[in-house]
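A.B. asks: I am attaching a structure below and will ask some questions about it afterwards.
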Amino acid sequence: QFHVNFPEVNEEWIDTKLEEDMDHVLQIVVQGRACRNTANIKNRQPIGKMYVKAAFELSDFYKDIIADELNVKEVVFTDDVSAFTSYSFKPQLRTDWSGNTARKLNAIRQYLGSVDGNAAMNELKTTGKLTFDADGDQVELLEEDLLIDAAQMPGYVSDTEYETTVVLDTNLTPEL
């Protein structure tokens, strides 16, 4: 048995698209389990819907794998999860606030406390900064200048990693 040749690798048999899609499935399942743990809902309890916001979309084949792994009735890919989550912002005090910006710290706090969290997060992700007027001066804050907290709407639990957000609808119906 030790004189038998091992099979040689055939590069043509490697399906890179399958590997990429399965990496996405794994990422979504891990995030879904984190949501279940946060909500303290065991995997044996079925969930009605799961929403996924990502830079990719998977076919029904992969959605079925995700649904089976997480005991979810329906997996929906969407471009907008703002109905389920919101963001709040505070100044990162470890940042160097010297100069003119430090004098505007109270105005910055007031703005960040009143801003629409989803719109501000969208601006931050799109342009890389938040730009606004504070006491008559233009202020620009980068992501590292901010403490960002994601808040969930009642009945929903979310988890965001990199560009992927997973939201579980934890509202239980009699059918579930």
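Chain labels follow the order of the structure tokens: the first chain is A, the next B, and so on; residue numbering restarts at 1 in every chain, and ligands are counted from 1 in their shown order.
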Write out as a list in words each polymer residue whose atoms come within 12 Å of Ala34 of chain A, counting only C-alpha atoms; drop sequence neighbours fewer than 6 positions from it.

C.D. replies: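 Once the nearby chain positions are removed, what remains is Gln27, Ile28, Asn40, Ile41, Lys42, Asn43, Leu70, Val157, Ser158, Asp159, Thr160, Glu161, Thr165, Val166, Val167 and Leu168 of chain A.
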
A.B. asks: Looking only at alpha helix (DSSP H) from DSSP on the backbone, list the matching residues of segment 70-151 of chain A as number ranges by chain.

C.D. replies: A: 70, 100-103, 105-114, 117-127

A.B. asks: Using only C-alpha atoms, can you tell me which of A:Gly128, A:Asp116, A:Asp79, A:Ile148 comes closest to Pro91 of chain A?

C.D. replies: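 Comparing A:Gly128, A:Asp116, A:Asp79, A:Ile148 against Pro91 of chain A, the winner is A:Ile148.
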
A.B. asks: Please return as a ChimeraX atom specification: the residues of segment 9-141 of chain A that backbone DSSP assigns to strand (DSSP E or B).

C.D. replies: /A:47-53,72-77,85-91,129-134,137-141

A.B. asks: If we count only C-alpha atoms, what is near Leu142 of chain A at a cut-off of 10 Å, once residues fewer than 6 positions away on the same chain are taken out, given as a list of chain:residue names?

C.D. replies: A:Leu124, A:Thr127, A:Gly128, A:Lys129, A:Leu130, A:Thr131

A.B. asks: Extract, using only C-alpha atoms, all DNA, RNA and protein residues at most 12 Å from segment 16-24 of chain A, discarding same-chain residues fewer than 5 positions from it, and format them as JSON, numbers by chain.

C.D. replies: {"A": [11, 29, 30, 31, 52, 53, 54, 55, 56, 57, 58, 59, 60, 61, 62, 63, 65, 66, 161, 162, 163, 164, 165, 166]}

A.B. asks: Tell me which protein, DNA and RNA residues are within 8 Å of Leu146 of chain A, counting only C-alpha atoms, leaving out same-chain ones fewer than 5 positions away, and put them as a PyMOL selection string.

C.D. replies: chain A and resi 89-92+141

A.B. asks: For the residues in the current selection, export N, CA and C atoms as a PDB file, in the first residue's frame.

C.D. replies:
ATOM      1  N   PHE A  89     -23.770  58.253  17.145  1.00  0.00           N
ATOM      2  CA  PHE A  89     -22.383  58.698  17.048  1.00  0.00           C
ATOM      3  C   PHE A  89     -22.013  59.561  18.241  1.00  0.00           C
ATOM      4  N   LYS A  90     -20.766  59.399  18.674  1.00  0.00           N
ATOM      5  CA  LYS A  90     -20.185  60.251  19.707  1.00  0.00           C
ATOM      6  C   LYS A  90     -18.751  60.550  19.278  1.00  0.00           C
ATOM      7  N   PRO A  91     -18.207  61.689  19.712  1.00  0.00           N
ATOM      8  CA  PRO A  91     -16.808  61.968  19.370  1.00  0.00           C
ATOM      9  C   PRO A  91     -15.869  60.999  20.082  1.00  0.00           C
ATOM     10  N   GLN A  92     -14.877  60.527  19.358  1.00  0.00           N
ATOM     11  CA  GLN A  92     -13.843  59.656  19.925  1.00  0.00           C
ATOM     12  C   GLN A  92     -12.859  60.558  20.647  1.00  0.00           C
ATOM     13  N   LEU A 141     -15.402  65.010  10.039  1.00  0.00           N
ATOM     14  CA  LEU A 141     -15.012  63.952  10.956  1.00  0.00           C
ATOM     15  C   LEU A 141     -14.861  62.650  10.180  1.00  0.00           C
TER      16      LEU A 141
END

A.B. asks: Name the closest residue to Ala120 of chain A among the candidates A:Ser88, A:Leu105, A:Phe6, A:Gly136; distances are taken between atoms, counting only C-alpha atoms.

C.D. replies: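 Of A:Ser88, A:Leu105, A:Phe6, A:Gly136, the one nearest Ala120 of chain A, counting only C-alpha atoms, is A:Ser88.
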
A.B. asks: Using only C-alpha atoms, which of A:Thr173, A:Ser86, A:Gln45, A:Thr78 sits nearest Pro154 of chain A?

C.D. replies: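 Of A:Thr173, A:Ser86, A:Gln45, A:Thr78, the one nearest Pro154 of chain A, counting only C-alpha atoms, is A:Ser86.
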
A.B. asks: Rank A:Asp135, A:Gly48, A:Cys35, A:Asn5 by their smallest atom-to-atom distance to Leu172 of chain A, using only C-alpha atoms, and report the top residue only.

C.D. replies: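 That would be A:Gly48, the residue with the smallest distance to Leu172 of chain A.
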
A.B. asks: Which of these, A:Asn10, A:Gln138, A:Ser82, A:Asn171, has the shortest distance to Lys104 of chain A once you count only C-alpha atoms?

C.D. replies: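 Closest candidate: A:Gln138.
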
A.B. asks: When you draw a straight line from atom CA of Gly113 of chain A to atom CA of Asp80 of chain A, how long is it in Å?

C.D. replies: 22.7 Å

A.B. asks: Calculate how many Å separate atom CA of Lys125 of chain A from atom CA of Val139 of chain A, rounding to one decimal.

C.D. replies: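 Computing it gives 17.0 Å between the two atoms.
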